[in-house]
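J.: This structure is in structure tokens; I'll ask about it shortly.
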Amino acid sequence: MKPDFAFEQAVYDKGALRVAGVDEVGRGPLAGPVTAAAVVLDPARIPEGLNDSKQLSIKKRIYLAEQLMDCAQVSVAHASVEEIEQHNILRASHLAMMRAVAGLAQGPDHVLIDGSMIPRGMNIAAQPVVKGDTRCLSISAASIVAKIARDRLMVDLAQQHPGYGWETNMGYGSKSHMSALQNLGPTPHHRRTFKPVHNMLYQDKNLRY
């Protein structure tokens, strides 16, 4: 199944002026923020090949992200590790989504959100779209932009905290990342409420007594 413009067109047909697709990336990693993007496509200038970012090569993602920056309204936002720990990963994802929407140069009057939930506090007409990144072009675009933005951020963090392999694992719990976590301990960018990190900290604490 390839994404199309049917969700957006249905909303435009009802009189909407700007429809934004919203998606997030980074719920699963053990380190780093969760990142969201909001994208308002120009119906006359939609880049060819938009799809769920996970189904695209790195080269294709970078190319499409650059195209989108030129022909669409784009906003990227994050929720920090502290916010993930203070709330939970779902609520932090929703905070990032709302910040991305708020960051658009022109506010949309309708939002299409990947998933089954509308973020609490969203004060714009919104519609959740399950598996939206594979069904809805605006959400596909948002998934690509969010993925590129977060990956670049994790590469930057990898230079500040070498040894964890974030430049390749992007903070996910790969074998090398888990090994480094065991040997080097957690950084301020690790999510201490996530079970693998929490268990390692708790285990270390127990070993000291």
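Residue numbering restarts at 1 in every chain; chains get A, B, ... in the order shown in the structure tokens, and ligands count up from 1 in that same order.
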I'd like a table as a tab-separated table: residues in segment 70-96 of chain A with an atom no more than 9 Å from segment 17-36 of chain A, each row giving the shortest atom pair and its distance in Å to one decimal, only C-alpha atoms counted, sorted by chain and rising residue number.

T.:
```
residue	atom	partner	partner_atom	distance
A:Gln73	CA	A:Ala20	CA	8.7
A:Ser75	CA	A:Ala36	CA	8.4
A:Val76	CA	A:Ala36	CA	5.8
A:Ala77	CA	A:Ala36	CA	5.4
A:His78	CA	A:Thr35	CA	4.4
A:Ala79	CA	A:Val34	CA	5.4
A:Ser80	CA	A:Pro33	CA	4.7
A:Val81	CA	A:Pro33	CA	5.3
A:Glu82	CA	A:Pro33	CA	8.7
A:Glu83	CA	A:Pro33	CA	8.7
A:Ile84	CA	A:Pro33	CA	7.8
A:Ile89	CA	A:Arg27	CA	6.3
A:Leu90	CA	A:Arg27	CA	7.7
A:Ala92	CA	A:Val34	CA	7.2
A:Ser93	CA	A:Val34	CA	6.1
A:His94	CA	A:Glu24	CA	8.5
A:Leu95	CA	A:Ala36	CA	8.9
A:Ala96	CA	A:Ala36	CA	5.4
```

J.: Near segment 40-54 of chain A, counting only C-alpha atoms, which residues have an atom at most 10 Å away, once you skip same-chain residues fewer than 4 positions from it, shown as a short mmCIF file (atom, residue, chain, number, x, y, z; two decimals) with all heavy atoms, in the first residue's frame?

T.:
```
data_model
loop_
_atom_site.label_atom_id
_atom_site.label_comp_id
_atom_site.auth_asym_id
_atom_site.auth_seq_id
_atom_site.Cartn_x
_atom_site.Cartn_y
_atom_site.Cartn_z
N MET A 1 0.84 -1.19 0.00
CA MET A 1 0.00 0.00 0.00
C MET A 1 0.88 1.25 0.00
O MET A 1 1.82 1.35 0.77
CB MET A 1 -0.90 0.00 1.24
CG MET A 1 -1.75 1.23 1.36
SD MET A 1 -3.09 1.13 2.57
CE MET A 1 -2.31 0.37 3.98
N LYS A 2 0.57 2.17 -0.90
CA LYS A 2 1.33 3.43 -0.96
C LYS A 2 0.43 4.56 -0.48
O LYS A 2 -0.78 4.57 -0.71
CB LYS A 2 1.77 3.68 -2.40
CG LYS A 2 2.81 2.70 -2.87
CD LYS A 2 4.08 3.43 -3.23
CE LYS A 2 5.16 2.41 -3.57
NZ LYS A 2 5.83 2.72 -4.81
N PRO A 3 1.02 5.55 0.20
CA PRO A 3 0.20 6.67 0.69
C PRO A 3 -0.35 7.50 -0.47
O PRO A 3 0.25 7.56 -1.54
CB PRO A 3 1.19 7.48 1.53
CG PRO A 3 2.54 7.11 1.01
CD PRO A 3 2.44 5.69 0.55
N ASP A 4 -1.50 8.13 -0.24
CA ASP A 4 -2.07 9.02 -1.25
C ASP A 4 -2.59 10.29 -0.57
O ASP A 4 -2.40 10.50 0.62
CB ASP A 4 -3.17 8.31 -2.05
CG ASP A 4 -4.32 7.80 -1.19
OD1 ASP A 4 -4.64 8.46 -0.16
OD2 ASP A 4 -4.90 6.75 -1.52
N PHE A 5 -3.27 11.12 -1.34
CA PHE A 5 -3.71 12.42 -0.87
C PHE A 5 -5.20 12.42 -0.49
O PHE A 5 -5.80 13.49 -0.32
CB PHE A 5 -3.43 13.48 -1.96
CG PHE A 5 -3.29 14.88 -1.45
CD1 PHE A 5 -2.24 15.25 -0.61
CD2 PHE A 5 -4.21 15.86 -1.81
CE1 PHE A 5 -2.10 16.55 -0.15
CE2 PHE A 5 -4.09 17.17 -1.35
CZ PHE A 5 -3.03 17.51 -0.52
N GLU A 8 -6.22 14.16 2.92
CA GLU A 8 -6.13 15.61 2.82
C GLU A 8 -7.25 16.17 1.94
O GLU A 8 -7.88 17.18 2.30
CB GLU A 8 -4.77 16.02 2.22
CG GLU A 8 -3.57 15.68 3.08
CD GLU A 8 -3.00 14.29 2.81
OE1 GLU A 8 -3.73 13.45 2.23
OE2 GLU A 8 -1.84 14.05 3.16
N GLN A 9 -7.47 15.51 0.79
CA GLN A 9 -8.47 16.02 -0.16
C GLN A 9 -9.86 16.05 0.47
O GLN A 9 -10.62 16.99 0.26
CB GLN A 9 -8.48 15.16 -1.43
CG GLN A 9 -9.20 15.81 -2.59
CD GLN A 9 -8.59 17.16 -2.98
OE1 GLN A 9 -7.40 17.24 -3.28
NE2 GLN A 9 -9.39 18.21 -2.96
N ARG A 18 -5.58 24.82 5.17
CA ARG A 18 -4.26 24.22 5.36
C ARG A 18 -4.40 22.95 6.19
O ARG A 18 -4.90 23.00 7.32
CB ARG A 18 -3.31 25.20 6.06
CG ARG A 18 -2.67 26.23 5.15
CD ARG A 18 -1.76 27.18 5.89
NE ARG A 18 -2.50 27.94 6.89
CZ ARG A 18 -3.25 29.00 6.61
NH1 ARG A 18 -3.36 29.42 5.38
NH2 ARG A 18 -3.89 29.65 7.56
N VAL A 19 -3.94 21.86 5.65
CA VAL A 19 -4.00 20.57 6.34
C VAL A 19 -2.58 20.09 6.61
O VAL A 19 -1.77 19.99 5.68
CB VAL A 19 -4.76 19.52 5.51
CG1 VAL A 19 -4.80 18.18 6.25
CG2 VAL A 19 -6.18 19.99 5.20
N ALA A 20 -2.28 19.82 7.86
CA ALA A 20 -0.93 19.37 8.24
C ALA A 20 -0.94 17.88 8.57
O ALA A 20 -1.87 17.38 9.21
CB ALA A 20 -0.43 20.15 9.45
N GLY A 21 0.08 17.18 8.11
CA GLY A 21 0.33 15.81 8.55
C GLY A 21 1.35 15.84 9.67
O GLY A 21 2.31 16.64 9.62
N VAL A 22 1.16 15.01 10.69
CA VAL A 22 2.04 15.01 11.86
C VAL A 22 2.47 13.59 12.18
O VAL A 22 1.64 12.67 12.21
CB VAL A 22 1.33 15.64 13.08
CG1 VAL A 22 2.28 15.70 14.28
CG2 VAL A 22 0.81 17.03 12.76
N VAL A 25 9.03 10.34 15.73
CA VAL A 25 10.01 9.26 15.67
C VAL A 25 10.79 9.27 16.97
O VAL A 25 11.01 10.31 17.57
CB VAL A 25 10.94 9.43 14.44
CG1 VAL A 25 11.80 10.66 14.57
CG2 VAL A 25 11.82 8.20 14.24
N ILE A 58 18.33 5.55 3.37
CA ILE A 58 18.82 6.80 3.95
C ILE A 58 18.96 7.86 2.86
O ILE A 58 18.55 9.02 3.03
CB ILE A 58 20.17 6.57 4.66
CG1 ILE A 58 20.00 5.64 5.85
CG2 ILE A 58 20.77 7.89 5.10
CD1 ILE A 58 21.29 5.23 6.51
N LYS A 60 17.41 8.16 0.02
CA LYS A 60 16.09 8.61 -0.44
C LYS A 60 15.43 9.52 0.59
O LYS A 60 14.81 10.53 0.24
CB LYS A 60 15.20 7.38 -0.71
CG LYS A 60 13.84 7.71 -1.31
CD LYS A 60 13.93 8.12 -2.76
CE LYS A 60 12.54 8.15 -3.39
NZ LYS A 60 12.58 8.70 -4.76
N ARG A 61 15.59 9.18 1.87
CA ARG A 61 15.02 10.03 2.93
C ARG A 61 15.63 11.42 2.90
O ARG A 61 14.92 12.43 3.01
CB ARG A 61 15.27 9.41 4.31
CG ARG A 61 14.33 8.29 4.68
CD ARG A 61 14.31 8.05 6.18
NE ARG A 61 15.58 7.62 6.73
CZ ARG A 61 15.93 6.36 6.95
NH1 ARG A 61 15.10 5.37 6.65
NH2 ARG A 61 17.09 6.05 7.48
N TYR A 63 17.10 12.94 0.40
CA TYR A 63 16.66 13.63 -0.83
C TYR A 63 15.24 14.19 -0.66
O TYR A 63 14.99 15.36 -0.97
CB TYR A 63 16.71 12.65 -2.01
CG TYR A 63 16.07 13.20 -3.27
CD1 TYR A 63 16.74 14.15 -4.06
CD2 TYR A 63 14.80 12.78 -3.65
CE1 TYR A 63 16.14 14.65 -5.21
CE2 TYR A 63 14.20 13.29 -4.80
CZ TYR A 63 14.88 14.23 -5.57
OH TYR A 63 14.28 14.74 -6.70
N LEU A 64 14.33 13.37 -0.14
CA LEU A 64 12.95 13.81 0.01
C LEU A 64 12.82 14.91 1.08
O LEU A 64 12.03 15.85 0.91
CB LEU A 64 12.05 12.63 0.36
CG LEU A 64 11.77 11.67 -0.81
CD1 LEU A 64 11.10 10.39 -0.33
CD2 LEU A 64 10.90 12.35 -1.87
N ALA A 65 13.59 14.80 2.15
CA ALA A 65 13.55 15.83 3.18
C ALA A 65 13.98 17.18 2.61
O ALA A 65 13.37 18.22 2.90
CB ALA A 65 14.44 15.44 4.35
N GLN A 67 13.75 18.07 -0.55
CA GLN A 67 12.66 18.48 -1.43
C GLN A 67 11.53 19.13 -0.63
O GLN A 67 11.00 20.18 -1.01
CB GLN A 67 12.10 17.26 -2.19
CG GLN A 67 13.05 16.63 -3.16
CD GLN A 67 13.08 17.35 -4.49
OE1 GLN A 67 12.07 17.48 -5.16
NE2 GLN A 67 14.24 17.86 -4.84
N LEU A 68 11.18 18.52 0.48
CA LEU A 68 10.08 19.02 1.31
C LEU A 68 10.40 20.39 1.89
O LEU A 68 9.51 21.25 1.99
CB LEU A 68 9.76 18.02 2.42
CG LEU A 68 9.07 16.73 1.95
CD1 LEU A 68 9.16 15.64 3.03
CD2 LEU A 68 7.62 16.99 1.59
N ASP A 70 11.92 22.64 0.48
CA ASP A 70 11.78 23.62 -0.60
C ASP A 70 10.33 23.87 -1.01
O ASP A 70 10.00 24.96 -1.47
CB ASP A 70 12.55 23.15 -1.85
CG ASP A 70 14.06 23.30 -1.68
OD1 ASP A 70 14.48 24.09 -0.82
OD2 ASP A 70 14.80 22.62 -2.41
N CYS A 71 9.47 22.86 -0.87
CA CYS A 71 8.14 22.98 -1.48
C CYS A 71 6.98 22.84 -0.50
O CYS A 71 5.82 22.87 -0.90
CB CYS A 71 7.99 21.96 -2.61
SG CYS A 71 7.93 20.24 -2.05
N ALA A 72 7.26 22.68 0.79
CA ALA A 72 6.19 22.49 1.77
C ALA A 72 6.46 23.36 3.00
O ALA A 72 7.57 23.86 3.19
CB ALA A 72 6.10 21.02 2.18
N GLN A 73 5.44 23.53 3.81
CA GLN A 73 5.64 24.15 5.13
C GLN A 73 6.05 23.05 6.10
O GLN A 73 5.35 22.03 6.20
CB GLN A 73 4.35 24.80 5.62
CG GLN A 73 3.97 26.08 4.92
CD GLN A 73 2.75 26.73 5.57
OE1 GLN A 73 2.69 26.88 6.79
NE2 GLN A 73 1.77 27.07 4.75
N VAL A 74 7.15 23.25 6.78
CA VAL A 74 7.71 22.19 7.63
C VAL A 74 8.07 22.76 9.00
O VAL A 74 8.61 23.86 9.11
CB VAL A 74 8.98 21.60 6.98
CG1 VAL A 74 9.65 20.60 7.91
CG2 VAL A 74 8.64 20.95 5.65
N SER A 75 7.77 22.00 10.03
CA SER A 75 8.18 22.36 11.39
C SER A 75 8.60 21.10 12.13
O SER A 75 7.96 20.05 12.00
CB SER A 75 7.00 23.02 12.12
OG SER A 75 7.30 23.19 13.50
N VAL A 101 3.29 21.36 15.41
CA VAL A 101 2.14 22.05 14.79
C VAL A 101 2.21 23.54 15.10
O VAL A 101 2.03 24.39 14.22
CB VAL A 101 0.81 21.45 15.29
CG1 VAL A 101 -0.38 22.28 14.81
CG2 VAL A 101 0.66 20.00 14.80
N LEU A 104 4.60 25.77 12.90
CA LEU A 104 4.37 26.06 11.49
C LEU A 104 4.18 27.57 11.29
O LEU A 104 3.52 28.23 12.09
CB LEU A 104 3.13 25.30 10.98
CG LEU A 104 3.31 23.80 10.78
CD1 LEU A 104 1.95 23.12 10.64
CD2 LEU A 104 4.19 23.50 9.56
N GLN A 106 2.40 29.21 9.19
CA GLN A 106 0.96 29.49 9.12
C GLN A 106 0.23 28.33 9.77
O GLN A 106 0.40 27.19 9.38
CB GLN A 106 0.50 29.64 7.67
CG GLN A 106 1.00 30.90 6.98
CD GLN A 106 0.50 30.97 5.56
OE1 GLN A 106 0.94 30.22 4.69
NE2 GLN A 106 -0.44 31.87 5.30
N GLY A 107 -0.55 28.64 10.77
CA GLY A 107 -1.24 27.58 11.50
C GLY A 107 -2.23 26.82 10.62
O GLY A 107 -2.97 27.43 9.85
N PRO A 108 -2.23 25.50 10.70
CA PRO A 108 -3.20 24.71 9.94
C PRO A 108 -4.58 24.79 10.58
O PRO A 108 -4.71 25.12 11.76
CB PRO A 108 -2.64 23.28 10.05
CG PRO A 108 -1.93 23.26 11.35
CD PRO A 108 -1.37 24.66 11.55
N VAL A 111 -5.54 18.89 11.29
CA VAL A 111 -4.31 18.11 11.48
C VAL A 111 -4.62 16.62 11.34
O VAL A 111 -5.59 16.12 11.92
CB VAL A 111 -3.72 18.38 12.88
CG1 VAL A 111 -2.44 17.57 13.08
CG2 VAL A 111 -3.41 19.85 13.07
N LYS A 131 -1.65 3.78 11.12
CA LYS A 131 -0.68 3.50 10.06
C LYS A 131 -0.65 4.62 9.03
O LYS A 131 -0.49 4.39 7.82
CB LYS A 131 -0.97 2.15 9.38
CG LYS A 131 -0.86 0.95 10.31
CD LYS A 131 -0.91 -0.34 9.51
CE LYS A 131 -1.02 -1.57 10.36
NZ LYS A 131 -0.02 -1.77 11.37
N GLY A 132 -0.81 5.84 9.52
CA GLY A 132 -0.89 6.99 8.64
C GLY A 132 0.34 7.20 7.78
O GLY A 132 0.24 7.72 6.66
N ASP A 133 1.52 6.79 8.28
CA ASP A 133 2.73 7.01 7.49
C ASP A 133 2.77 6.16 6.23
O ASP A 133 3.57 6.42 5.33
CB ASP A 133 4.00 6.82 8.33
CG ASP A 133 3.96 5.59 9.21
OD1 ASP A 133 3.06 4.74 9.01
OD2 ASP A 133 4.80 5.47 10.11
N THR A 134 1.91 5.14 6.13
CA THR A 134 1.84 4.33 4.91
C THR A 134 0.58 4.62 4.10
O THR A 134 0.39 4.06 3.02
CB THR A 134 1.86 2.82 5.24
OG1 THR A 134 0.70 2.49 6.01
CG2 THR A 134 3.10 2.43 6.01
N ARG A 135 -0.29 5.51 4.62
CA ARG A 135 -1.59 5.75 3.96
C ARG A 135 -1.80 7.20 3.53
O ARG A 135 -2.60 7.45 2.63
CB ARG A 135 -2.72 5.35 4.92
CG ARG A 135 -2.69 3.89 5.35
CD ARG A 135 -3.67 3.64 6.49
NE ARG A 135 -5.05 3.84 6.07
CZ ARG A 135 -6.06 4.08 6.91
NH1 ARG A 135 -5.83 4.16 8.20
NH2 ARG A 135 -7.28 4.24 6.44
N CYS A 136 -1.13 8.13 4.18
CA CYS A 136 -1.42 9.55 4.02
C CYS A 136 -0.13 10.29 3.67
O CYS A 136 0.84 10.24 4.42
CB CYS A 136 -2.03 10.07 5.32
SG CYS A 136 -2.18 11.84 5.44
N LEU A 137 -0.13 10.98 2.53
CA LEU A 137 1.10 11.60 2.05
C LEU A 137 1.67 12.64 3.02
O LEU A 137 2.89 12.72 3.20
CB LEU A 137 0.85 12.25 0.68
CG LEU A 137 0.85 11.28 -0.51
CD1 LEU A 137 0.38 12.00 -1.77
CD2 LEU A 137 2.23 10.67 -0.74
N SER A 138 0.81 13.44 3.64
CA SER A 138 1.31 14.47 4.56
C SER A 138 1.98 13.84 5.78
O SER A 138 3.00 14.34 6.27
CB SER A 138 0.17 15.38 5.03
OG SER A 138 -0.37 16.09 3.94
N ILE A 139 1.40 12.74 6.26
CA ILE A 139 2.01 12.05 7.40
C ILE A 139 3.30 11.36 6.99
O ILE A 139 4.29 11.36 7.73
CB ILE A 139 1.00 11.05 8.02
CG1 ILE A 139 -0.20 11.81 8.61
CG2 ILE A 139 1.67 10.21 9.12
CD1 ILE A 139 -1.30 10.91 9.18
N SER A 140 3.33 10.79 5.78
CA SER A 140 4.58 10.21 5.25
C SER A 140 5.67 11.26 5.22
O SER A 140 6.82 11.01 5.63
CB SER A 140 4.38 9.67 3.83
OG SER A 140 3.45 8.62 3.80
N ALA A 141 5.31 12.45 4.73
CA ALA A 141 6.28 13.55 4.67
C ALA A 141 6.78 13.90 6.06
O ALA A 141 8.00 14.10 6.27
CB ALA A 141 5.63 14.77 4.01
N ALA A 142 5.87 13.96 7.02
CA ALA A 142 6.27 14.27 8.40
C ALA A 142 7.17 13.19 8.97
O ALA A 142 8.13 13.49 9.70
CB ALA A 142 5.02 14.44 9.27
N SER A 143 6.91 11.94 8.64
CA SER A 143 7.75 10.84 9.16
C SER A 143 9.17 10.95 8.64
O SER A 143 10.14 10.70 9.36
CB SER A 143 7.13 9.47 8.82
OG SER A 143 7.42 9.07 7.49
N ILE A 144 9.31 11.36 7.39
CA ILE A 144 10.64 11.51 6.78
C ILE A 144 11.41 12.66 7.43
O ILE A 144 12.57 12.52 7.82
CB ILE A 144 10.50 11.75 5.26
CG1 ILE A 144 9.97 10.47 4.58
CG2 ILE A 144 11.83 12.18 4.65
CD1 ILE A 144 9.46 10.69 3.17
N VAL A 145 10.74 13.80 7.56
CA VAL A 145 11.39 14.99 8.14
C VAL A 145 11.79 14.72 9.59
O VAL A 145 12.91 15.06 10.01
CB VAL A 145 10.45 16.21 8.05
CG1 VAL A 145 11.01 17.38 8.84
CG2 VAL A 145 10.23 16.60 6.60
N ALA A 146 10.90 14.10 10.36
CA ALA A 146 11.19 13.82 11.77
C ALA A 146 12.37 12.85 11.89
O ALA A 146 13.26 13.03 12.74
CB ALA A 146 9.96 13.26 12.47
N LYS A 147 12.39 11.83 11.05
CA LYS A 147 13.46 10.82 11.10
C LYS A 147 14.82 11.46 10.79
O LYS A 147 15.81 11.22 11.50
CB LYS A 147 13.15 9.70 10.10
CG LYS A 147 14.24 8.66 9.92
CD LYS A 147 14.40 7.77 11.11
CE LYS A 147 15.40 6.65 10.83
NZ LYS A 147 16.01 6.15 12.08
N ILE A 148 14.87 12.26 9.74
CA ILE A 148 16.14 12.91 9.37
C ILE A 148 16.60 13.84 10.49
O ILE A 148 17.78 13.86 10.87
CB ILE A 148 15.97 13.70 8.05
CG1 ILE A 148 15.79 12.74 6.87
CG2 ILE A 148 17.17 14.63 7.82
CD1 ILE A 148 17.00 11.90 6.54
#
```

J.: Can you list, as a ChimeraX atom specification, every protein, DNA or RNA residue that comes within 6 Å of Leu112 of chain A when you count only C-alpha atoms, leaving out same-chain residues fewer than 4 positions away?

T.: /A:21,126-128

J.: Considering only C-alpha atoms, state which residue in the set A:Pro119, A:Gly15, A:Gly173, A:Pro186 is at the smallest distance from Leu201 of chain A.

T.: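 Closest residue, counting only C-alpha atoms: A:Pro186.
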
J.: What is the atom CA of Met154 of chain A to atom CA of Tyr202 of chain A distance in Å?

T.: 25.7 Å

J.: Please identify all polymer residues within 10 Å of His177 of chain A, counting only C-alpha atoms, omitting same-chain residues fewer than 2 positions from it, and present them as a list in words.

T.: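 Once the nearby chain positions are removed, what remains is Leu30, Ala31, Gly163, Tyr164, Gly165, Trp166, Thr168, Asn169, Met170, Gly171, Tyr172, Gly173, Ser174, Lys175, Ser179, Ala180, Leu181, Gln182 and Asn183 of chain A.
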
J.: So which bits of segment 25-208 of chain A end up helix (DSSP H, G or I) when you DSSP the backbone, as an MDAnalysis selection string?

T.: chainID A and resid 53:55 58:71 81:86 89:102 132:134 137:160 166:169 175:184 195:207
